[in-house]
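Remarks on the structure that follows.
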Amino acid sequence: MVRSTRQLTIVIKLGTSSICDEKTHEPLISNLSLLVETAVKLRRDGHRVILVSSGAIGIGLRKLGLEKRPKLLSKCQAIAAIGQCELVALWDKLFSLLGQPVAQVLLTRNDIVDRQQYINAANTFSELLSMGVIPIVNENDTLAVSEIKFGDNDTLSGITAGMVNADYLFLMTDVDCLYDKNPRLHPDAKPIMVVDDVSSLQADVSTAGSAVGTGGMATKLIAAKLATSAGVTTIITRSSIPANIFEIVKYCQSLKSQSQTPVRSSSPHPRHPATEDPISTDLQAAATRLEETRLTTSSSSASLSAMTAHHTVTFADPATPVTQSSTPTPKVPLHTRFLPRSKAVRDRHFWLLHGLKPHGTLFIDQGAYNALTRSNRAGLLPVGVVHVYGEFHQLEAVSLTVLRKIVPSSEIDAEAERDDGSPVIGYAVVARDVGRAIVNYSSAEIQKIRGMKSCDIKSALESADTEYISHRDNTAFFPKFEHSISQAGSVRGSGDEE
Ligand SMILES: Nc1ncnc2c1ncn2[C@@H]1O[C@H](COP(=O)(O)OP(=O)(O)O)[C@@H](O)[C@H]1O
Ligand SMILES: N[C@@H](CCC(=O)OP(=O)(O)O)C(=O)O
């Protein structure tokens, strides 16, 4: 039993590989039943549970006696429609045996781009959870085409966890945890126990996962980044023993309460809980890492598959200082734990960053970025915009990118050419994706007023309702340490602008 002084909200994501057999696509009934027992026990312990379930296409393939996914999108969508019906009927049947009501929630990215629809979805989750129901979420594959797709249920589960302000996101899969490389291909792969910053993680997740899964580990890291930014502790662990969730939550809760217990000190200065103190948080993480390093060798055998049973070495980032901890080592099943950010991005900011689909990019200068992110935040003025990329309309979303350097594309690739064979005249841009904004002007209008003082907007445009390209309430920024690493991308422009 997970004893907790407060009710926890726990999102559990189950991938296709945990729902049906990789080759025959037969449902893995024992897996599903164990998951149902665990979810119902969590409910009976007073927690709120959401299940994000893949498997519609896998189950649909089985129903139609097909060996693999057809290439044609409409066929896949039809199979998903057939499979989703069977999948939810199966979940409903299993949960009903234990008297647990469930609800089906199908989402596409388009559903949450609109703020009101996002709020509607969040309210529906909230109502269902307070009625004691377990929502079962999947992407609405019948409607989703690439432009409006989450693309994979890992990302969808990260967004769901952020939307409901969950405490935990469990990404249940067919390996015990995240490794430094794919354990299916590398028997010497080392498990990674704790991750405190997904952006600086060094693990090879480039190889594909199971034959039935869509994103492999790469999309689980995206989900972890999304969820931890919203303050959600994210766990990757094996799905075949769902009861491990109890042990892992108990362990994480005990770490949290340890770190929140004020330390008695003779110092005249009050001590802050460790979670508010970046230095002690680091030490806590490092100490935890050491504890977990020990426990991997001793207690994970129950959850280790034949494939990974020999992994007794844990992997700790050598760059991170590790301190001794005298805390007795608890026995916890093998898992990777992604630590939540202490400054969680929630509600409107979470929606701005992760619900919206950017239609273009505004390159802003460092001064604008500083003004937009300081404590007394400013709105985005034309003077801070140095470049506009893409075509978008008023009130659409854009990415905000801090421009670092512009390099003529010829310096990067002398052979660069367009599809029709003509040479590319343009730039390679070194920039950092820092946030999102909803704009008050179209791309064509911003092109005219970028770099201008606010008093000049009226003379440059036919109508100018506001001096702001984006009001501060319509901008949101990724936590500073989580910016994506500098990326180079070519902007195919006229070449005469900068
Ligand atoms: N660094 C890594 N650590 C662990 N698993 C990895 C890694 N890189 C790739 N994988 C693969 O990811 C798979 C899990 O992803 P996936 O098949 O999409 O599962 P699911 O259907 O549960 O979403 C594992 O079976 C493994 O082969
Ligand atoms: N929506 C799809 C699942 C897509 C997906 O992300 O699958 P997986 O990588 O196995 O979690 C389905 O239900 O088949």
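Chain labels follow the order of the structure tokens: the first chain is A, the next B, and so on; residue numbering restarts at 1 in every chain, and ligands are counted from 1 in their shown order.
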> Hey, which residues come within 7 Å of ligand 2 if we count only C-alpha atoms and all ligand atoms? Could you give them as a list in words?
Replying inline: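 So the residues close to ligand 2 are Leu14, Gly15, Thr16, Ser17, Ser53, Ser54, Gly55, Ala56, Ile57, Gly58, Ala80, Gln84, Asn138, Glu139, Asn140, Asp141, Gly151, Asp152, Asn153, Asp154, Val212, Gly213, Thr214, Gly215 and Gly216 of chain A.
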>> Taking only C-alpha atoms and all ligand atoms into account, which residues have an atom no farther than 9 Å from ligand 1? I'd like them as a ChimeraX atom specification.
In response: /A:13-19,54-55,152-154,171-185,189-192,203-220,238-239
>> List the spatial neighbours of region 340-350 of chain A as a PyMOL selection string - criterion: any atom at most 6 Å away, only C-alpha atoms, same-chain residues fewer than 6 positions off excluded.
In response: chain A and resi 228-233+476
Hey, can you spit out that residue selection with N, CA, C and O atoms as a short mmCIF file (atom, residue, chain, number, x, y, z; two decimals), in the first residue's frame?
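Writing the result to result_2.cif gives the following:
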```cif
data_model
loop_
_atom_site.label_atom_id
_atom_site.label_comp_id
_atom_site.auth_asym_id
_atom_site.auth_seq_id
_atom_site.Cartn_x
_atom_site.Cartn_y
_atom_site.Cartn_z
N THR A 228 8.49 16.62 -16.33
CA THR A 228 9.30 17.14 -15.21
C THR A 228 9.27 18.66 -15.20
O THR A 228 9.32 19.27 -14.15
N SER A 229 9.16 19.27 -16.40
CA SER A 229 9.09 20.74 -16.42
C SER A 229 7.81 21.21 -15.73
O SER A 229 7.73 22.32 -15.22
N ALA A 230 6.79 20.35 -15.73
CA ALA A 230 5.53 20.69 -15.05
C ALA A 230 5.53 20.21 -13.60
O ALA A 230 4.48 20.19 -12.95
N GLY A 231 6.68 19.79 -13.11
CA GLY A 231 6.78 19.38 -11.69
C GLY A 231 6.37 17.95 -11.44
O GLY A 231 6.12 17.56 -10.30
N VAL A 232 6.30 17.13 -12.51
CA VAL A 232 5.85 15.74 -12.36
C VAL A 232 7.06 14.81 -12.29
O VAL A 232 7.88 14.79 -13.21
N THR A 233 7.18 14.05 -11.22
CA THR A 233 8.24 13.03 -11.14
C THR A 233 7.92 11.96 -12.19
O THR A 233 6.80 11.45 -12.23
N ALA A 476 5.62 32.50 -23.05
CA ALA A 476 6.07 31.57 -22.00
C ALA A 476 7.44 31.05 -22.41
O ALA A 476 7.72 30.89 -23.59
#
```
> Could you pull the residues within 12 Å of region 114-124 of chain A, counting only C-alpha atoms, minus those fewer than 5 positions along the same chain, as a ChimeraX atom specification?
Replying inline: /A:103-109,129-131,133-135,137,159-166,347-352,354-357,395-397,438,474
> Mind checking DSSP for region 320-379 of chain A and telling me the alpha helix (DSSP H) residues as a PyMOL selection string?
Replying inline: chain A and resi 347-350+366-373
Can those selected residues be exported to a file as a PDB file, in the first residue's frame so that it contains N, CA and C atoms?
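Okay, out14.pdb is ready:
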```pdb
ATOM      1  N   ASP A 347      -0.296  25.211 -15.803  1.00  0.00           N
ATOM      2  CA  ASP A 347      -1.505  25.875 -16.278  1.00  0.00           C
ATOM      3  C   ASP A 347      -1.288  26.606 -17.607  1.00  0.00           C
ATOM      4  N   ARG A 348      -1.513  27.950 -17.605  1.00  0.00           N
ATOM      5  CA  ARG A 348      -1.462  28.673 -18.889  1.00  0.00           C
ATOM      6  C   ARG A 348      -0.064  28.580 -19.514  1.00  0.00           C
ATOM      7  N   HIS A 349       0.964  28.678 -18.695  1.00  0.00           N
ATOM      8  CA  HIS A 349       2.321  28.611 -19.239  1.00  0.00           C
ATOM      9  C   HIS A 349       2.603  27.238 -19.840  1.00  0.00           C
ATOM     10  N   PHE A 350       2.138  26.194 -19.190  1.00  0.00           N
ATOM     11  CA  PHE A 350       2.330  24.837 -19.718  1.00  0.00           C
ATOM     12  C   PHE A 350       1.601  24.702 -21.052  1.00  0.00           C
ATOM     13  N   GLN A 366      19.136  39.155 -27.519  1.00  0.00           N
ATOM     14  CA  GLN A 366      19.361  38.808 -26.127  1.00  0.00           C
ATOM     15  C   GLN A 366      18.675  39.807 -25.182  1.00  0.00           C
ATOM     16  N   GLY A 367      18.669  41.096 -25.586  1.00  0.00           N
ATOM     17  CA  GLY A 367      18.048  42.129 -24.754  1.00  0.00           C
ATOM     18  C   GLY A 367      16.561  41.865 -24.578  1.00  0.00           C
ATOM     19  N   ALA A 368      15.903  41.492 -25.671  1.00  0.00           N
ATOM     20  CA  ALA A 368      14.467  41.199 -25.602  1.00  0.00           C
ATOM     21  C   ALA A 368      14.245  39.986 -24.703  1.00  0.00           C
ATOM     22  N   TYR A 369      15.076  38.979 -24.886  1.00  0.00           N
ATOM     23  CA  TYR A 369      14.937  37.764 -24.074  1.00  0.00           C
ATOM     24  C   TYR A 369      15.064  38.102 -22.580  1.00  0.00           C
ATOM     25  N   ASN A 370      16.066  38.948 -22.250  1.00  0.00           N
ATOM     26  CA  ASN A 370      16.254  39.316 -20.840  1.00  0.00           C
ATOM     27  C   ASN A 370      15.029  40.049 -20.305  1.00  0.00           C
ATOM     28  N   ALA A 371      14.489  40.982 -21.118  1.00  0.00           N
ATOM     29  CA  ALA A 371      13.335  41.762 -20.666  1.00  0.00           C
ATOM     30  C   ALA A 371      12.095  40.879 -20.496  1.00  0.00           C
ATOM     31  N   LEU A 372      11.976  39.881 -21.369  1.00  0.00           N
ATOM     32  CA  LEU A 372      10.784  39.025 -21.328  1.00  0.00           C
ATOM     33  C   LEU A 372      10.838  37.989 -20.213  1.00  0.00           C
ATOM     34  N   THR A 373      12.028  37.731 -19.692  1.00  0.00           N
ATOM     35  CA  THR A 373      12.141  36.667 -18.683  1.00  0.00           C
ATOM     36  C   THR A 373      12.489  37.185 -17.279  1.00  0.00           C
TER      37      THR A 373
END
```
> Would you give me, as a count of residues only, the residues in region 7-166 of chain A that DSSP reads as strand (DSSP E)?
Replying inline: 24
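In this comparison, which uses only C-alpha atoms, the residue of A:Thr234, A:Leu87, A:Ser454, A:Leu143 approaching Asn110 (chain A) most closely is A:Leu143.
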>> I need the residue nearest Lys23 (chain A) from this list: A:Arg62, A:His471, A:Lys93, A:Lys331. Use only C-alpha atoms for the distance.
In response: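 Looking only at the distances to Lys23 (chain A), the closest residue turns out to be A:Arg62.
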> Got a sec: who's within 10 Å of Met452 (chain A), counting only C-alpha atoms, leaving out chain neighbours fewer than 4 positions off, as a VMD selection string?
Replying inline: chain A and resid 381 to 386 446 448 456 to 457 460
Writer output for current selection, all heavy atoms, as a short mmCIF file (atom, residue, chain, number, x, y, z; two decimals), in the first residue's frame:
```cif
data_model
loop_
_atom_site.label_atom_id
_atom_site.label_comp_id
_atom_site.auth_asym_id
_atom_site.auth_seq_id
_atom_site.Cartn_x
_atom_site.Cartn_y
_atom_site.Cartn_z
N LEU A 381 8.32 43.70 -27.85
CA LEU A 381 8.19 44.87 -28.73
C LEU A 381 8.92 44.60 -30.05
O LEU A 381 9.86 43.80 -30.09
CB LEU A 381 8.81 46.09 -28.04
CG LEU A 381 8.13 46.55 -26.75
CD1 LEU A 381 8.99 47.58 -26.01
CD2 LEU A 381 6.75 47.13 -27.05
N PRO A 382 8.52 45.32 -31.13
CA PRO A 382 9.18 45.09 -32.43
C PRO A 382 10.69 45.28 -32.38
O PRO A 382 11.43 44.59 -33.07
CB PRO A 382 8.54 46.14 -33.34
CG PRO A 382 7.26 46.51 -32.68
CD PRO A 382 7.43 46.29 -31.21
N VAL A 383 11.15 46.18 -31.52
CA VAL A 383 12.58 46.50 -31.49
C VAL A 383 13.44 45.27 -31.15
O VAL A 383 14.61 45.20 -31.56
CB VAL A 383 12.83 47.69 -30.51
CG1 VAL A 383 12.63 47.27 -29.06
CG2 VAL A 383 14.18 48.31 -30.74
N GLY A 384 12.85 44.31 -30.45
CA GLY A 384 13.62 43.12 -30.04
C GLY A 384 13.62 42.01 -31.08
O GLY A 384 14.28 40.99 -30.89
N VAL A 385 12.85 42.19 -32.16
CA VAL A 385 12.74 41.10 -33.15
C VAL A 385 13.74 41.35 -34.28
O VAL A 385 13.75 42.41 -34.90
CB VAL A 385 11.30 41.03 -33.73
CG1 VAL A 385 11.20 39.97 -34.81
CG2 VAL A 385 10.31 40.76 -32.62
N VAL A 386 14.59 40.36 -34.52
CA VAL A 386 15.61 40.55 -35.56
C VAL A 386 15.31 39.80 -36.85
O VAL A 386 15.81 40.14 -37.91
CB VAL A 386 17.02 40.16 -35.05
CG1 VAL A 386 17.55 41.17 -34.08
CG2 VAL A 386 17.04 38.78 -34.44
N ILE A 446 4.97 41.76 -39.15
CA ILE A 446 6.17 41.79 -38.28
C ILE A 446 7.42 42.00 -39.13
O ILE A 446 8.36 42.68 -38.71
CB ILE A 446 6.27 40.52 -37.41
CG1 ILE A 446 5.02 40.38 -36.54
CG2 ILE A 446 7.51 40.55 -36.51
CD1 ILE A 446 4.92 39.09 -35.74
N LYS A 448 7.62 43.90 -41.55
CA LYS A 448 7.73 45.35 -41.81
C LYS A 448 8.18 46.13 -40.58
O LYS A 448 8.84 47.15 -40.70
CB LYS A 448 6.36 45.91 -42.25
CG LYS A 448 5.98 45.50 -43.65
CD LYS A 448 4.67 46.19 -44.04
CE LYS A 448 4.12 45.58 -45.31
NZ LYS A 448 2.68 45.69 -45.41
N ASP A 456 6.94 54.09 -34.17
CA ASP A 456 6.95 54.07 -35.65
C ASP A 456 6.00 53.03 -36.25
O ASP A 456 5.87 52.93 -37.47
CB ASP A 456 8.38 53.79 -36.15
CG ASP A 456 9.33 54.90 -35.74
OD1 ASP A 456 8.87 56.06 -35.63
OD2 ASP A 456 10.52 54.62 -35.51
N ILE A 457 5.39 52.22 -35.39
CA ILE A 457 4.55 51.12 -35.92
C ILE A 457 3.41 51.69 -36.77
O ILE A 457 3.12 51.19 -37.85
CB ILE A 457 3.94 50.26 -34.78
CG1 ILE A 457 5.04 49.67 -33.90
CG2 ILE A 457 3.09 49.14 -35.35
CD1 ILE A 457 4.50 48.83 -32.75
N ALA A 460 4.17 52.52 -40.26
CA ALA A 460 4.59 51.38 -41.09
C ALA A 460 3.43 50.47 -41.48
O ALA A 460 3.45 49.82 -42.52
CB ALA A 460 5.65 50.57 -40.37
#
```
>> Applying 6 Å and only C-alpha atoms, which residues near Gly360 (chain A) remain after dropping the ones on its own chain fewer than 4 positions away? List them as a list of chain:residue names.
In response: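 Answer for this query is A:Tyr389, A:Gly390, A:Val398.
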Put those residues in a file: all heavy atoms, as an mmCIF file, in the first residue's frame.
```cif
data_model
loop_
_atom_site.group_PDB
_atom_site.id
_atom_site.type_symbol
_atom_site.label_atom_id
_atom_site.label_comp_id
_atom_site.auth_asym_id
_atom_site.auth_seq_id
_atom_site.Cartn_x
_atom_site.Cartn_y
_atom_site.Cartn_z
ATOM 1 N N TYR A 389 10.597 34.089 -39.435
ATOM 2 C CA TYR A 389 10.694 32.894 -40.275
ATOM 3 C C TYR A 389 9.325 32.211 -40.349
ATOM 4 O O TYR A 389 8.662 31.995 -39.332
ATOM 5 C CB TYR A 389 11.730 31.929 -39.682
ATOM 6 C CG TYR A 389 11.929 30.681 -40.498
ATOM 7 C CD1 TYR A 389 12.279 30.760 -41.844
ATOM 8 C CD2 TYR A 389 11.765 29.426 -39.937
ATOM 9 C CE1 TYR A 389 12.460 29.623 -42.605
ATOM 10 C CE2 TYR A 389 11.956 28.276 -40.692
ATOM 11 C CZ TYR A 389 12.294 28.389 -42.019
ATOM 12 O OH TYR A 389 12.478 27.251 -42.771
ATOM 13 N N GLY A 390 8.877 31.882 -41.539
ATOM 14 C CA GLY A 390 7.593 31.205 -41.715
ATOM 15 C C GLY A 390 6.476 32.197 -41.951
ATOM 16 O O GLY A 390 6.674 33.416 -41.876
ATOM 17 N N VAL A 398 3.887 31.138 -32.270
ATOM 18 C CA VAL A 398 5.222 31.040 -32.894
ATOM 19 C C VAL A 398 6.218 30.574 -31.843
ATOM 20 O O VAL A 398 5.984 30.686 -30.645
ATOM 21 C CB VAL A 398 5.705 32.407 -33.451
ATOM 22 C CG1 VAL A 398 4.813 32.893 -34.571
ATOM 23 C CG2 VAL A 398 5.828 33.446 -32.350
#
```
> Just how far from CA of Leu156 (chain A) is CA of Val198 (chain A), in Å to one decimal?
Replying inline: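 Rounded to one decimal, the two atoms are 17.7 Å apart.
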